[in-house]
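structure34.cif (mmCIF, N, CA and C atoms)
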```cif
data_data
loop_
_atom_site.group_PDB
_atom_site.id
_atom_site.type_symbol
_atom_site.label_atom_id
_atom_site.label_comp_id
_atom_site.auth_asym_id
_atom_site.auth_seq_id
_atom_site.Cartn_x
_atom_site.Cartn_y
_atom_site.Cartn_z
ATOM 1 N N MET A 227 2.400 12.298 -9.330
ATOM 2 C CA MET A 227 1.855 11.254 -8.486
ATOM 3 C C MET A 227 0.625 10.663 -9.167
ATOM 4 N N LEU A 228 0.389 9.401 -8.923
ATOM 5 C CA LEU A 228 -0.776 8.734 -9.497
ATOM 6 C C LEU A 228 -2.056 9.411 -9.024
ATOM 7 N N GLU A 229 -2.993 9.574 -9.950
ATOM 8 C CA GLU A 229 -4.254 10.213 -9.603
ATOM 9 C C GLU A 229 -5.047 9.302 -8.671
ATOM 10 N N HIS A 230 -5.447 9.850 -7.531
ATOM 11 C CA HIS A 230 -6.163 9.054 -6.539
ATOM 12 C C HIS A 230 -7.060 9.935 -5.688
ATOM 13 N N ARG A 231 -7.939 9.275 -4.943
ATOM 14 C CA ARG A 231 -8.806 9.970 -3.990
ATOM 15 C C ARG A 231 -9.005 9.050 -2.792
ATOM 16 N N TYR A 232 -9.441 9.633 -1.689
ATOM 17 C CA TYR A 232 -9.665 8.880 -0.462
ATOM 18 C C TYR A 232 -11.146 8.801 -0.154
ATOM 19 N N ARG A 233 -11.517 7.690 0.437
ATOM 20 C CA ARG A 233 -12.863 7.505 0.970
ATOM 21 C C ARG A 233 -12.711 7.027 2.408
ATOM 22 N N VAL A 234 -13.643 7.410 3.254
ATOM 23 C CA VAL A 234 -13.599 6.971 4.646
ATOM 24 C C VAL A 234 -14.851 6.152 4.930
ATOM 25 N N LEU A 235 -14.623 4.940 5.419
ATOM 26 C CA LEU A 235 -15.722 4.082 5.850
ATOM 27 C C LEU A 235 -15.780 4.109 7.367
ATOM 28 N N GLU A 236 -16.973 4.175 7.886
ATOM 29 C CA GLU A 236 -17.145 4.067 9.324
ATOM 30 C C GLU A 236 -17.883 2.767 9.577
ATOM 31 N N LEU A 237 -17.207 1.846 10.237
ATOM 32 C CA LEU A 237 -17.763 0.539 10.524
ATOM 33 C C LEU A 237 -18.253 0.533 11.967
ATOM 34 N N LYS A 238 -19.551 0.313 12.134
ATOM 35 C CA LYS A 238 -20.146 0.380 13.468
ATOM 36 C C LYS A 238 -20.457 -1.020 13.977
ATOM 37 N N ASN A 239 -20.141 -1.206 15.243
ATOM 38 C CA ASN A 239 -20.439 -2.457 15.935
ATOM 39 C C ASN A 239 -20.925 -2.077 17.336
ATOM 40 N N GLY A 240 -22.225 -1.991 17.468
ATOM 41 C CA GLY A 240 -22.783 -1.545 18.744
ATOM 42 C C GLY A 240 -22.394 -0.106 19.008
ATOM 43 N N GLU A 241 -21.743 0.128 20.135
ATOM 44 C CA GLU A 241 -21.313 1.477 20.488
ATOM 45 C C GLU A 241 -19.972 1.853 19.875
ATOM 46 N N HIS A 242 -19.290 0.889 19.323
ATOM 47 C CA HIS A 242 -17.950 1.130 18.775
ATOM 48 C C HIS A 242 -18.009 1.453 17.280
ATOM 49 N N THR A 243 -17.208 2.432 16.891
ATOM 50 C CA THR A 243 -17.096 2.812 15.494
ATOM 51 C C THR A 243 -15.629 2.750 15.104
ATOM 52 N N ARG A 244 -15.360 2.086 14.004
ATOM 53 C CA ARG A 244 -14.002 1.986 13.482
ATOM 54 C C ARG A 244 -13.945 2.725 12.154
ATOM 55 N N ARG A 245 -12.940 3.548 11.992
ATOM 56 C CA ARG A 245 -12.750 4.353 10.787
ATOM 57 C C ARG A 245 -11.718 3.669 9.905
ATOM 58 N N LYS A 246 -12.048 3.481 8.624
ATOM 59 C CA LYS A 246 -11.118 2.859 7.683
ATOM 60 C C LYS A 246 -10.979 3.776 6.471
ATOM 61 N N VAL A 247 -9.737 4.166 6.186
ATOM 62 C CA VAL A 247 -9.461 5.042 5.050
ATOM 63 C C VAL A 247 -9.125 4.175 3.840
ATOM 64 N N LEU A 248 -9.850 4.392 2.760
ATOM 65 C CA LEU A 248 -9.629 3.668 1.512
ATOM 66 C C LEU A 248 -9.025 4.609 0.485
ATOM 67 N N ILE A 249 -8.182 4.068 -0.381
ATOM 68 C CA ILE A 249 -7.588 4.867 -1.441
ATOM 69 C C ILE A 249 -7.997 4.256 -2.779
ATOM 70 N N ASP A 250 -8.525 5.084 -3.652
ATOM 71 C CA ASP A 250 -8.965 4.655 -4.976
ATOM 72 C C ASP A 250 -8.125 5.374 -6.027
ATOM 73 N N PHE A 251 -7.590 4.613 -6.963
ATOM 74 C CA PHE A 251 -6.810 5.185 -8.050
ATOM 75 C C PHE A 251 -7.673 5.315 -9.292
ATOM 76 N N ALA A 252 -7.389 6.319 -10.092
ATOM 77 C CA ALA A 252 -8.162 6.569 -11.306
ATOM 78 C C ALA A 252 -8.053 5.398 -12.277
ATOM 79 N N GLU A 253 -6.888 4.753 -12.299
ATOM 80 C CA GLU A 253 -6.681 3.635 -13.214
ATOM 81 C C GLU A 253 -6.863 2.310 -12.481
ATOM 82 N N GLU A 254 -7.698 1.450 -13.043
ATOM 83 C CA GLU A 254 -8.023 0.165 -12.429
ATOM 84 C C GLU A 254 -6.793 -0.726 -12.237
ATOM 85 N N ARG A 255 -5.771 -0.544 -13.040
ATOM 86 C CA ARG A 255 -4.588 -1.401 -12.940
ATOM 87 C C ARG A 255 -3.846 -1.233 -11.611
ATOM 88 N N TYR A 256 -4.214 -0.239 -10.819
ATOM 89 C CA TYR A 256 -3.582 -0.023 -9.516
ATOM 90 C C TYR A 256 -4.411 -0.575 -8.356
ATOM 91 N N GLU A 257 -5.337 -1.485 -8.646
ATOM 92 C CA GLU A 257 -6.171 -2.085 -7.603
ATOM 93 C C GLU A 257 -5.321 -2.810 -6.551
ATOM 94 N N LEU A 258 -4.287 -3.538 -6.976
ATOM 95 C CA LEU A 258 -3.409 -4.210 -6.012
ATOM 96 C C LEU A 258 -2.674 -3.198 -5.136
ATOM 97 N N LEU A 259 -2.330 -2.056 -5.691
ATOM 98 C CA LEU A 259 -1.687 -1.001 -4.908
ATOM 99 C C LEU A 259 -2.638 -0.503 -3.825
ATOM 100 N N SER A 260 -3.906 -0.311 -4.171
ATOM 101 C CA SER A 260 -4.912 0.082 -3.174
ATOM 102 C C SER A 260 -4.981 -0.945 -2.063
ATOM 103 N N GLN A 261 -5.072 -2.212 -2.434
ATOM 104 C CA GLN A 261 -5.151 -3.279 -1.441
ATOM 105 C C GLN A 261 -3.896 -3.310 -0.572
ATOM 106 N N PHE A 262 -2.735 -3.126 -1.190
ATOM 107 C CA PHE A 262 -1.483 -3.157 -0.445
ATOM 108 C C PHE A 262 -1.464 -2.052 0.609
ATOM 109 N N ILE A 263 -1.812 -0.846 0.210
ATOM 110 C CA ILE A 263 -1.795 0.285 1.145
ATOM 111 C C ILE A 263 -2.833 0.091 2.245
ATOM 112 N N GLU A 264 -4.056 -0.284 1.870
ATOM 113 C CA GLU A 264 -5.139 -0.404 2.846
ATOM 114 C C GLU A 264 -4.955 -1.580 3.813
ATOM 115 N N GLU A 265 -4.489 -2.703 3.325
ATOM 116 C CA GLU A 265 -4.395 -3.903 4.161
ATOM 117 C C GLU A 265 -3.023 -4.056 4.806
ATOM 118 N N GLU A 266 -1.993 -4.155 3.982
ATOM 119 C CA GLU A 266 -0.646 -4.360 4.529
ATOM 120 C C GLU A 266 -0.142 -3.086 5.200
ATOM 121 N N GLY A 267 -0.440 -1.940 4.609
ATOM 122 C CA GLY A 267 -0.029 -0.670 5.204
ATOM 123 C C GLY A 267 -0.667 -0.439 6.563
ATOM 124 N N ALA A 268 -1.899 -0.893 6.721
ATOM 125 C CA ALA A 268 -2.589 -0.725 7.996
ATOM 126 C C ALA A 268 -1.936 -1.548 9.107
ATOM 127 N N GLN A 269 -1.418 -2.699 8.763
ATOM 128 C CA GLN A 269 -0.852 -3.596 9.768
ATOM 129 C C GLN A 269 0.665 -3.489 9.914
ATOM 130 N N PHE A 270 1.342 -3.187 8.806
ATOM 131 C CA PHE A 270 2.803 -3.269 8.802
ATOM 132 C C PHE A 270 3.481 -1.995 8.291
ATOM 133 N N SER A 271 2.881 -0.852 8.535
ATOM 134 C CA SER A 271 3.413 0.382 7.954
ATOM 135 C C SER A 271 4.854 0.660 8.352
ATOM 136 N N SER A 272 5.211 0.445 9.605
ATOM 137 C CA SER A 272 6.587 0.762 10.017
ATOM 138 C C SER A 272 7.594 -0.175 9.345
ATOM 139 N N GLU A 273 7.266 -1.450 9.225
ATOM 140 C CA GLU A 273 8.169 -2.377 8.534
ATOM 141 C C GLU A 273 8.320 -2.014 7.054
ATOM 142 N N ILE A 274 7.196 -1.675 6.421
ATOM 143 C CA ILE A 274 7.238 -1.310 5.001
ATOM 144 C C ILE A 274 8.054 -0.031 4.813
ATOM 145 N N MET A 275 7.818 0.963 5.668
ATOM 146 C CA MET A 275 8.572 2.225 5.557
ATOM 147 C C MET A 275 10.066 1.991 5.778
ATOM 148 N N ASP A 276 10.427 1.115 6.707
ATOM 149 C CA ASP A 276 11.846 0.797 6.927
ATOM 150 C C ASP A 276 12.468 0.188 5.676
ATOM 151 N N LEU A 277 11.763 -0.727 5.028
ATOM 152 C CA LEU A 277 12.270 -1.339 3.793
ATOM 153 C C LEU A 277 12.377 -0.300 2.674
ATOM 154 N N LEU A 278 11.366 0.550 2.565
ATOM 155 C CA LEU A 278 11.399 1.612 1.542
ATOM 156 C C LEU A 278 12.596 2.526 1.768
ATOM 157 N N ASP A 279 12.811 2.932 2.998
ATOM 158 C CA ASP A 279 13.959 3.790 3.308
ATOM 159 C C ASP A 279 15.276 3.097 2.974
ATOM 160 N N ALA A 280 15.390 1.824 3.314
ATOM 161 C CA ALA A 280 16.637 1.095 3.081
ATOM 162 C C ALA A 280 16.992 1.040 1.600
ATOM 163 N N VAL A 281 16.008 0.784 0.738
ATOM 164 C CA VAL A 281 16.326 0.707 -0.694
ATOM 165 C C VAL A 281 16.465 2.098 -1.312
ATOM 166 N N LEU A 282 15.658 3.065 -0.868
ATOM 167 C CA LEU A 282 15.758 4.408 -1.447
ATOM 168 C C LEU A 282 17.039 5.124 -1.019
ATOM 169 N N GLU A 283 17.542 4.809 0.163
ATOM 170 C CA GLU A 283 18.789 5.420 0.637
ATOM 171 C C GLU A 283 20.017 4.637 0.189
ATOM 172 N N GLY A 284 19.812 3.513 -0.500
ATOM 173 C CA GLY A 284 20.926 2.734 -1.017
ATOM 174 C C GLY A 284 21.600 1.822 -0.005
ATOM 175 N N ARG A 285 21.005 1.674 1.178
ATOM 176 C CA ARG A 285 21.582 0.767 2.173
ATOM 177 C C ARG A 285 21.371 -0.689 1.777
ATOM 178 N N GLU A 286 20.333 -0.947 1.004
ATOM 179 C CA GLU A 286 20.045 -2.275 0.465
ATOM 180 C C GLU A 286 19.738 -2.116 -1.021
ATOM 181 N N PRO A 287 20.255 -3.033 -1.858
ATOM 182 C CA PRO A 287 19.945 -2.922 -3.286
ATOM 183 C C PRO A 287 18.498 -3.283 -3.601
ATOM 184 N N SER A 288 17.923 -4.161 -2.782
ATOM 185 C CA SER A 288 16.537 -4.574 -2.963
ATOM 186 C C SER A 288 16.026 -5.149 -1.644
ATOM 187 N N ALA A 289 14.722 -5.332 -1.567
ATOM 188 C CA ALA A 289 14.111 -5.905 -0.374
ATOM 189 C C ALA A 289 12.801 -6.573 -0.773
ATOM 190 N N VAL A 290 12.369 -7.485 0.075
ATOM 191 C CA VAL A 290 11.101 -8.182 -0.154
ATOM 192 C C VAL A 290 10.254 -8.052 1.106
ATOM 193 N N PHE A 291 8.995 -7.681 0.914
ATOM 194 C CA PHE A 291 8.030 -7.650 2.011
ATOM 195 C C PHE A 291 6.977 -8.700 1.699
ATOM 196 N N ARG A 292 6.726 -9.580 2.652
ATOM 197 C CA ARG A 292 5.662 -10.580 2.511
ATOM 198 C C ARG A 292 4.645 -10.338 3.615
ATOM 199 N N GLY A 293 3.478 -9.892 3.208
ATOM 200 C CA GLY A 293 2.434 -9.607 4.176
ATOM 201 C C GLY A 293 1.447 -10.746 4.288
ATOM 202 N N ASN A 294 0.305 -10.452 4.853
ATOM 203 C CA ASN A 294 -0.736 -11.461 5.014
ATOM 204 C C ASN A 294 -1.415 -11.806 3.691
ATOM 205 N N LEU A 295 -1.588 -10.797 2.839
ATOM 206 C CA LEU A 295 -2.290 -11.002 1.576
ATOM 207 C C LEU A 295 -1.421 -10.777 0.352
ATOM 208 N N LEU A 296 -0.493 -9.834 0.450
ATOM 209 C CA LEU A 296 0.284 -9.407 -0.708
ATOM 210 C C LEU A 296 1.769 -9.376 -0.388
ATOM 211 N N SER A 297 2.552 -9.438 -1.450
ATOM 212 C CA SER A 297 4.004 -9.309 -1.336
ATOM 213 C C SER A 297 4.448 -8.122 -2.165
ATOM 214 N N ALA A 298 5.591 -7.550 -1.795
ATOM 215 C CA ALA A 298 6.162 -6.430 -2.546
ATOM 216 C C ALA A 298 7.652 -6.687 -2.723
ATOM 217 N N TYR A 299 8.112 -6.515 -3.947
ATOM 218 C CA TYR A 299 9.521 -6.664 -4.303
ATOM 219 C C TYR A 299 10.034 -5.270 -4.628
ATOM 220 N N LEU A 300 10.909 -4.749 -3.757
ATOM 221 C CA LEU A 300 11.340 -3.361 -3.835
ATOM 222 C C LEU A 300 12.758 -3.234 -4.362
ATOM 223 N N THR A 301 12.949 -2.271 -5.242
ATOM 224 C CA THR A 301 14.278 -1.809 -5.641
ATOM 225 C C THR A 301 14.265 -0.295 -5.505
ATOM 226 N N GLY A 302 15.397 0.323 -5.720
ATOM 227 C CA GLY A 302 15.463 1.773 -5.609
ATOM 228 C C GLY A 302 14.600 2.504 -6.608
ATOM 229 N N SER A 303 14.286 1.852 -7.724
ATOM 230 C CA SER A 303 13.503 2.531 -8.752
ATOM 231 C C SER A 303 12.051 2.082 -8.823
ATOM 232 N N GLN A 304 11.783 0.806 -8.560
ATOM 233 C CA GLN A 304 10.431 0.292 -8.762
ATOM 234 C C GLN A 304 10.075 -0.757 -7.719
ATOM 235 N N THR A 305 8.798 -0.798 -7.383
ATOM 236 C CA THR A 305 8.265 -1.831 -6.507
ATOM 237 C C THR A 305 7.189 -2.590 -7.272
ATOM 238 N N VAL A 306 7.254 -3.912 -7.186
ATOM 239 C CA VAL A 306 6.256 -4.768 -7.814
ATOM 240 C C VAL A 306 5.456 -5.433 -6.703
ATOM 241 N N ILE A 307 4.140 -5.289 -6.778
ATOM 242 C CA ILE A 307 3.230 -5.845 -5.782
ATOM 243 C C ILE A 307 2.468 -6.992 -6.436
ATOM 244 N N CYS A 308 2.361 -8.108 -5.709
ATOM 245 C CA CYS A 308 1.636 -9.248 -6.259
ATOM 246 C C CYS A 308 1.023 -10.078 -5.139
ATOM 247 N N THR A 309 0.116 -10.957 -5.529
ATOM 248 C CA THR A 309 -0.473 -11.917 -4.602
ATOM 249 C C THR A 309 0.341 -13.193 -4.669
ATOM 250 N N ASP A 310 -0.027 -14.162 -3.841
ATOM 251 C CA ASP A 310 0.631 -15.467 -3.905
ATOM 252 C C ASP A 310 0.274 -16.213 -5.183
ATOM 253 N N ALA A 311 -0.783 -15.791 -5.836
ATOM 254 C CA ALA A 311 -1.215 -16.395 -7.095
ATOM 255 C C ALA A 311 -0.914 -15.413 -8.227
ATOM 256 N N PRO A 312 0.240 -15.558 -8.892
ATOM 257 C CA PRO A 312 0.645 -14.588 -9.925
ATOM 258 C C PRO A 312 -0.372 -14.411 -11.048
ATOM 259 N N GLU A 313 -1.209 -15.403 -11.274
ATOM 260 C CA GLU A 313 -2.208 -15.265 -12.343
ATOM 261 C C GLU A 313 -3.229 -14.179 -12.029
ATOM 262 N N GLU A 314 -3.273 -13.742 -10.782
ATOM 263 C CA GLU A 314 -4.179 -12.659 -10.407
ATOM 264 C C GLU A 314 -3.614 -11.295 -10.770
ATOM 265 N N GLY A 315 -2.405 -11.264 -11.304
ATOM 266 C CA GLY A 315 -1.812 -10.030 -11.766
ATOM 267 C C GLY A 315 -0.790 -9.444 -10.817
ATOM 268 N N VAL A 316 -0.099 -8.452 -11.344
ATOM 269 C CA VAL A 316 0.890 -7.721 -10.568
ATOM 270 C C VAL A 316 0.684 -6.235 -10.818
ATOM 271 N N CYS A 317 1.278 -5.433 -9.961
ATOM 272 C CA CYS A 317 1.192 -3.984 -10.087
ATOM 273 C C CYS A 317 2.581 -3.416 -9.830
ATOM 274 N N ALA A 318 3.064 -2.582 -10.729
ATOM 275 C CA ALA A 318 4.363 -1.941 -10.550
ATOM 276 C C ALA A 318 4.163 -0.448 -10.346
ATOM 277 N N VAL A 319 4.956 0.099 -9.425
ATOM 278 C CA VAL A 319 4.868 1.520 -9.100
ATOM 279 C C VAL A 319 6.273 2.004 -8.736
ATOM 280 N N PRO A 320 6.626 3.249 -9.067
ATOM 281 C CA PRO A 320 7.922 3.763 -8.627
ATOM 282 C C PRO A 320 8.015 3.707 -7.096
ATOM 283 N N THR A 321 9.138 3.239 -6.594
ATOM 284 C CA THR A 321 9.311 3.045 -5.154
ATOM 285 C C THR A 321 9.147 4.349 -4.384
ATOM 286 N N VAL A 322 9.709 5.424 -4.893
ATOM 287 C CA VAL A 322 9.579 6.707 -4.205
ATOM 288 C C VAL A 322 8.109 7.124 -4.116
ATOM 289 N N GLU A 323 7.338 6.815 -5.162
ATOM 290 C CA GLU A 323 5.922 7.172 -5.145
ATOM 291 C C GLU A 323 5.150 6.304 -4.143
ATOM 292 N N LEU A 324 5.509 5.041 -4.018
ATOM 293 C CA LEU A 324 4.872 4.192 -3.021
ATOM 294 C C LEU A 324 5.101 4.756 -1.622
ATOM 295 N N LYS A 325 6.314 5.193 -1.357
ATOM 296 C CA LYS A 325 6.604 5.775 -0.041
ATOM 297 C C LYS A 325 5.754 7.020 0.206
ATOM 298 N N GLU A 326 5.643 7.884 -0.805
ATOM 299 C CA GLU A 326 4.842 9.100 -0.671
ATOM 300 C C GLU A 326 3.367 8.765 -0.450
ATOM 301 N N LEU A 327 2.860 7.796 -1.206
ATOM 302 C CA LEU A 327 1.456 7.409 -1.076
ATOM 303 C C LEU A 327 1.168 6.802 0.296
ATOM 304 N N LEU A 328 2.055 5.952 0.766
ATOM 305 C CA LEU A 328 1.849 5.330 2.078
ATOM 306 C C LEU A 328 1.870 6.380 3.180
ATOM 307 N N ALA A 329 2.793 7.326 3.100
ATOM 308 C CA ALA A 329 2.874 8.400 4.105
ATOM 309 C C ALA A 329 1.628 9.279 4.047
ATOM 310 N N GLU A 330 1.178 9.611 2.846
ATOM 311 C CA GLU A 330 -0.021 10.445 2.690
ATOM 312 C C GLU A 330 -1.249 9.716 3.237
ATOM 313 N N TRP A 331 -1.368 8.432 2.919
ATOM 314 C CA TRP A 331 -2.505 7.634 3.381
ATOM 315 C C TRP A 331 -2.515 7.580 4.917
ATOM 316 N N GLN A 332 -1.353 7.399 5.541
ATOM 317 C CA GLN A 332 -1.278 7.341 6.997
ATOM 318 C C GLN A 332 -1.722 8.649 7.629
ATOM 319 N N ALA A 333 -1.490 9.750 6.955
ATOM 320 C CA ALA A 333 -1.845 11.066 7.494
ATOM 321 C C ALA A 333 -3.337 11.361 7.419
ATOM 322 N N GLN A 334 -4.068 10.556 6.691
ATOM 323 C CA GLN A 334 -5.523 10.789 6.530
ATOM 324 C C GLN A 334 -6.281 10.496 7.799
#
```

Give the structure from this file in structure tokens form.
Amino acid sequence: MLEHRYRVLELKNGEHTRRKVLIDFAEERYELLSQFIEEEGAQFSSEIMDLLDAVLEGREPSAVFRGNLLSAYLTGSQTVICTDAPEEGVCAVPTVELKELLAEWQAQ
């Protein structure tokens, strides 16, 4: 699994405190993966997990997730994450590892 660590931010607004779990990867090239998990995973985890299951179980040869900030192009072997502006870069990760990371992050 990709080397990573978690950080927890506590955002306070008056009497209310919101906890946000951040994931940092040892390699900077996985910054889009961090953003994908933290932002899209926070809002659309069940949809993303359904797509991951569909391609990993072979029910679909590929799938596309379009979130608020990032998109993911999934196949059974690899997922490519990118922004709407491709010049900002892309990030590729094994699909099975993305599923494991998203599940681990949710458990934090």

Residues returned when the PyMOL selection byres ((chain A and resi 290-299) around 7) runs on this file, as a PyMOL selection string: chain A and resi 262+266+288-289+300-301+304-310

Could you check how far atom C of Asn239 in chain A sits from atom N of Ser260 in chain A, in Å to one decimal?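 Separating atom C of Asn239 in chain A from atom N of Ser260 in chain A is a distance of 27.5 Å.
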
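Separating CA of Gln332 in chain A from CA of Glu265 in chain A is a distance of 12.0 Å.
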
Of the listed residues A:Leu258, A:Ala333, A:Leu278, A:Ile263, that which approaches Cys317 in chain A most closely, counting only C-alpha atoms: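 Smallest distance to Cys317 in chain A is found for A:Leu258.
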
Quick one: which residues end up in the PyMOL selection byres ((chain A and resi 320) around 7) for this structure, as a list of chain:residue names?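 Applied to this file, the PyMOL selection byres ((chain A and resi 320) around 7) selects A:Gly302, A:Ser303, A:Gln304, A:Thr305, A:Ala318, A:Val319, A:Thr321, A:Val322, A:Glu323, A:Leu324, A:Lys325.
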
Between atom C of Ile249 in chain A and atom C of Glu330 in chain A, what distance in Å does the model show, to one decimal?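 Answer for the atom C of Ile249 in chain A to atom C of Glu330 in chain A separation: 10.6 Å.
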
Please expand the PyMOL selection byres ((chain A and resi 230-233) around 5) into the concrete residues it hits in this file, giving the result as a PDB file with N, CA and C atoms, in the frame of the given file.
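expr29.pdb written:
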```
ATOM      1  N   LEU A 228       0.389   9.401  -8.923  1.00  0.00           N
ATOM      2  CA  LEU A 228      -0.776   8.734  -9.497  1.00  0.00           C
ATOM      3  C   LEU A 228      -2.056   9.411  -9.024  1.00  0.00           C
ATOM      4  N   GLU A 229      -2.993   9.574  -9.950  1.00  0.00           N
ATOM      5  CA  GLU A 229      -4.254  10.213  -9.603  1.00  0.00           C
ATOM      6  C   GLU A 229      -5.047   9.302  -8.671  1.00  0.00           C
ATOM      7  N   VAL A 234     -13.643   7.410   3.254  1.00  0.00           N
ATOM      8  CA  VAL A 234     -13.599   6.971   4.646  1.00  0.00           C
ATOM      9  C   VAL A 234     -14.851   6.152   4.930  1.00  0.00           C
ATOM     10  N   LEU A 235     -14.623   4.940   5.419  1.00  0.00           N
ATOM     11  CA  LEU A 235     -15.722   4.082   5.850  1.00  0.00           C
ATOM     12  C   LEU A 235     -15.780   4.109   7.367  1.00  0.00           C
ATOM     13  N   VAL A 247      -9.737   4.166   6.186  1.00  0.00           N
ATOM     14  CA  VAL A 247      -9.461   5.042   5.050  1.00  0.00           C
ATOM     15  C   VAL A 247      -9.125   4.175   3.840  1.00  0.00           C
ATOM     16  N   LEU A 248      -9.850   4.392   2.760  1.00  0.00           N
ATOM     17  CA  LEU A 248      -9.629   3.668   1.512  1.00  0.00           C
ATOM     18  C   LEU A 248      -9.025   4.609   0.485  1.00  0.00           C
ATOM     19  N   ILE A 249      -8.182   4.068  -0.381  1.00  0.00           N
ATOM     20  CA  ILE A 249      -7.588   4.867  -1.441  1.00  0.00           C
ATOM     21  C   ILE A 249      -7.997   4.256  -2.779  1.00  0.00           C
ATOM     22  N   ASP A 250      -8.525   5.084  -3.652  1.00  0.00           N
ATOM     23  CA  ASP A 250      -8.965   4.655  -4.976  1.00  0.00           C
ATOM     24  C   ASP A 250      -8.125   5.374  -6.027  1.00  0.00           C
ATOM     25  N   PHE A 251      -7.590   4.613  -6.963  1.00  0.00           N
ATOM     26  CA  PHE A 251      -6.810   5.185  -8.050  1.00  0.00           C
ATOM     27  C   PHE A 251      -7.673   5.315  -9.292  1.00  0.00           C
ATOM     28  N   ALA A 252      -7.389   6.319 -10.092  1.00  0.00           N
ATOM     29  CA  ALA A 252      -8.162   6.569 -11.306  1.00  0.00           C
ATOM     30  C   ALA A 252      -8.053   5.398 -12.277  1.00  0.00           C
TER      31      ALA A 252
END
```

Output as an MDAnalysis selection string all residues of chain A that backbone DSSP marks as alpha helix (DSSP H). chainID A and resid 257:261 267:282 321:333

Output N, CA and C atoms of each residue in that selection to a file, as a compact mmCIF listing (two decimals), in the frame of the given file.
```txt
# COMPACT_ATOMS: atom_id res chain seq x y z
N GLU A 257 -5.34 -1.48 -8.65
CA GLU A 257 -6.17 -2.08 -7.60
C GLU A 257 -5.32 -2.81 -6.55
N LEU A 258 -4.29 -3.54 -6.98
CA LEU A 258 -3.41 -4.21 -6.01
C LEU A 258 -2.67 -3.20 -5.14
N LEU A 259 -2.33 -2.06 -5.69
CA LEU A 259 -1.69 -1.00 -4.91
C LEU A 259 -2.64 -0.50 -3.82
N SER A 260 -3.91 -0.31 -4.17
CA SER A 260 -4.91 0.08 -3.17
C SER A 260 -4.98 -0.94 -2.06
N GLN A 261 -5.07 -2.21 -2.43
CA GLN A 261 -5.15 -3.28 -1.44
C GLN A 261 -3.90 -3.31 -0.57
N GLY A 267 -0.44 -1.94 4.61
CA GLY A 267 -0.03 -0.67 5.20
C GLY A 267 -0.67 -0.44 6.56
N ALA A 268 -1.90 -0.89 6.72
CA ALA A 268 -2.59 -0.72 8.00
C ALA A 268 -1.94 -1.55 9.11
N GLN A 269 -1.42 -2.70 8.76
CA GLN A 269 -0.85 -3.60 9.77
C GLN A 269 0.66 -3.49 9.91
N PHE A 270 1.34 -3.19 8.81
CA PHE A 270 2.80 -3.27 8.80
C PHE A 270 3.48 -2.00 8.29
N SER A 271 2.88 -0.85 8.54
CA SER A 271 3.41 0.38 7.95
C SER A 271 4.85 0.66 8.35
N SER A 272 5.21 0.44 9.60
CA SER A 272 6.59 0.76 10.02
C SER A 272 7.59 -0.18 9.35
N GLU A 273 7.27 -1.45 9.22
CA GLU A 273 8.17 -2.38 8.53
C GLU A 273 8.32 -2.01 7.05
N ILE A 274 7.20 -1.68 6.42
CA ILE A 274 7.24 -1.31 5.00
C ILE A 274 8.05 -0.03 4.81
N MET A 275 7.82 0.96 5.67
CA MET A 275 8.57 2.22 5.56
C MET A 275 10.07 1.99 5.78
N ASP A 276 10.43 1.12 6.71
CA ASP A 276 11.85 0.80 6.93
C ASP A 276 12.47 0.19 5.68
N LEU A 277 11.76 -0.73 5.03
CA LEU A 277 12.27 -1.34 3.79
C LEU A 277 12.38 -0.30 2.67
N LEU A 278 11.37 0.55 2.56
CA LEU A 278 11.40 1.61 1.54
C LEU A 278 12.60 2.53 1.77
N ASP A 279 12.81 2.93 3.00
CA ASP A 279 13.96 3.79 3.31
C ASP A 279 15.28 3.10 2.97
N ALA A 280 15.39 1.82 3.31
CA ALA A 280 16.64 1.10 3.08
C ALA A 280 16.99 1.04 1.60
N VAL A 281 16.01 0.78 0.74
CA VAL A 281 16.33 0.71 -0.69
C VAL A 281 16.46 2.10 -1.31
N LEU A 282 15.66 3.06 -0.87
CA LEU A 282 15.76 4.41 -1.45
C LEU A 282 17.04 5.12 -1.02
N THR A 321 9.14 3.24 -6.59
CA THR A 321 9.31 3.04 -5.15
C THR A 321 9.15 4.35 -4.38
N VAL A 322 9.71 5.42 -4.89
CA VAL A 322 9.58 6.71 -4.20
C VAL A 322 8.11 7.12 -4.12
N GLU A 323 7.34 6.82 -5.16
CA GLU A 323 5.92 7.17 -5.14
C GLU A 323 5.15 6.30 -4.14
N LEU A 324 5.51 5.04 -4.02
CA LEU A 324 4.87 4.19 -3.02
C LEU A 324 5.10 4.76 -1.62
N LYS A 325 6.31 5.19 -1.36
CA LYS A 325 6.60 5.78 -0.04
C LYS A 325 5.75 7.02 0.21
N GLU A 326 5.64 7.88 -0.80
CA GLU A 326 4.84 9.10 -0.67
C GLU A 326 3.37 8.76 -0.45
N LEU A 327 2.86 7.80 -1.21
CA LEU A 327 1.46 7.41 -1.08
C LEU A 327 1.17 6.80 0.30
N LEU A 328 2.06 5.95 0.77
CA LEU A 328 1.85 5.33 2.08
C LEU A 328 1.87 6.38 3.18
N ALA A 329 2.79 7.33 3.10
CA ALA A 329 2.87 8.40 4.11
C ALA A 329 1.63 9.28 4.05
N GLU A 330 1.18 9.61 2.85
CA GLU A 330 -0.02 10.44 2.69
C GLU A 330 -1.25 9.72 3.24
N TRP A 331 -1.37 8.43 2.92
CA TRP A 331 -2.50 7.63 3.38
C TRP A 331 -2.52 7.58 4.92
N GLN A 332 -1.35 7.40 5.54
CA GLN A 332 -1.28 7.34 7.00
C GLN A 332 -1.72 8.65 7.63
N ALA A 333 -1.49 9.75 6.96
CA ALA A 333 -1.84 11.07 7.49
C ALA A 333 -3.34 11.36 7.42
```

Apply DSSP to the backbone of this structure and, from chain A, keep only the residues in strand (DSSP E or B); write these as JSON, numbers by chain. {"A": [230, 231, 232, 233, 234, 235, 236, 237, 238, 239, 242, 243, 244, 245, 246, 247, 248, 249, 250, 251, 288, 289, 290, 291, 292, 296, 297, 298, 299, 300, 301, 304, 305, 306, 307, 308, 309, 316, 317, 318, 319, 320]}
